[in-house]
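Notes follow once the structure below has been shown.
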Amino acid sequence: MAWNEPGNNGNDNDPWKNRGGRDQGPPDLDEVFRKFSNKFGGLFGGKSGGGGSGGIGGAGMIFILVIAATVWALSGIYTVKEAERGIVLQFGQFDRIAEPGLRWKMTFIEQVIPIDIEAVRSLSASGFMLTEDENVVSVEFEVQYRVMDPRLYKFSVTDADHSLQQSLDSALRYVVGHSRMDQVLTTGRELVRQRTWDELNKIIEPYNLGILVTDVNFKDSRPPAEVKDAFDDAIAAQEDEERFIREAEAYAREIEPRARGQVTRMTQEAEAYRERVTLEARGEVERFEKLLPEYQAAKEVTRQRLYIDAMEEVLTNSMKVLVDVKGGNNMMYLPLDKIMGQTGAGSQITLPSKNDINELRKTLGQSRNSTVGGGNDRFSQDRFNNGR
């Protein structure tokens, strides 16, 4: 049965009344808080009383302020690493750059954002791109950079890394779009790389991103998979062409010095021949100039001597001699080549005596016609004299 249910014989079981019948009522919250405040204020020298209000004393307030100031000051100590620079914001606005070392900031007033300026960061761009000759290639590029100005890097644009990513993609597509497929895939990779680097610097310069591009790497470039086999054949043909060119150049380097040597040798031989002929001609002229006075002084003797010298020179070079004696019907034939060929290495050849030679000269002088050699050349003293 509830405490306030009718019919309980007048005994209301009110929870706020004690069993003695006194009405206790609910507790007074204001009284509870006042008592608690009086007790707490007594700890710091404050007044406490049943009816008065308590408070914190001056010494207690100073103690609390000192502790709070100490905690606040200690909470502002921070360290900036050697490779970093700290961007100090005061009430959200840029104030200064914190150098490496132990630093202090005003807590709740200043904020520090560390930026690593020595680490080399990297971004990549890839995709299928259209070349100048309307071919599609798959290109993958990577750019390496580092932060130069922390303030510009953080506040110049919303996201410097994302802006660099977009700039790299734009520069790469521009360069590939103005290059032929062979340049992108084979011979012009270094040129495409350098042009992409230059174009990237031109794009990011107006934005002042506060970063420095240190390197651009051409990681990969390949044709689409559908034409890979045909492209491999084309590459093999180009390699063969380069190999043939190198072999031809090597052959040229081998033949050219040899040909130059032959030209030099032939030139020297021609110059030597010219010099020899010139000197022989000069010698003949000088000999004739010396012979002319002798001939003018004794024409007959000089004529005979010249004739004999000429015949001696002719007979010396001839291995066959035919002698036609005046008044005789027989022609004498001397096969000197066979006579000398039949003589052995150990045998001795008997030379004609001086008298025989003089007799032969007299005979030749008396003969009118003498045939020398096996041909039709005839030398006569009359013809010789007339020629002289």
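Naming works like this for the structure tokens: A, B, ... for the chains as they're shown, residue 1 at the start of each chain, ligands 1 onward in shown order.
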
Show me a table, sorted first by chain and then by increasing residue number, of the residues of region 218-239 of chain A having an atom at most 10 Å from region 124-139 of chain A, each with its shortest atom pair and the distance in Å to one decimal, counting only C-alpha atoms and written as a Markdown table.
| residue | atom | partner | partner_atom | distance |
| --- | --- | --- | --- | --- |
| A:Phe218 | CA | A:Val139 | CA | 8.2 |
| A:Lys219 | CA | A:Val139 | CA | 8.0 |
| A:Asp220 | CA | A:Val139 | CA | 5.9 |
| A:Ser221 | CA | A:Val139 | CA | 4.4 |
| A:Arg222 | CA | A:Ser138 | CA | 5.4 |
| A:Pro223 | CA | A:Val137 | CA | 4.7 |
| A:Pro224 | CA | A:Val137 | CA | 6.2 |
| A:Ala225 | CA | A:Ser138 | CA | 9.7 |

* **DSSP strand (DSSP E or B) residues within region 61-298 of chain A, listed as a PyMOL selection string** => chain A and resi 77-80+84-90+93-98+101-104+110-116+121-130+136-147+211-222

* Please provide as a VMD selection string all residues within 12 Å of region 83-88 of chain A, with the sequence filter that same-chain residues fewer than 6 positions apart are discarded (counting only C-alpha atoms). => chain A and resid 94 to 107 109 to 120 146 to 155

* Asked: What is the distance, in Å and to one decimal place, between CA of Ser179 (chain A) and CA of Arg195 (chain A)?
  ->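 Atom-to-atom, CA of Ser179 (chain A) and CA of Arg195 (chain A) are spaced 10.3 Å apart.
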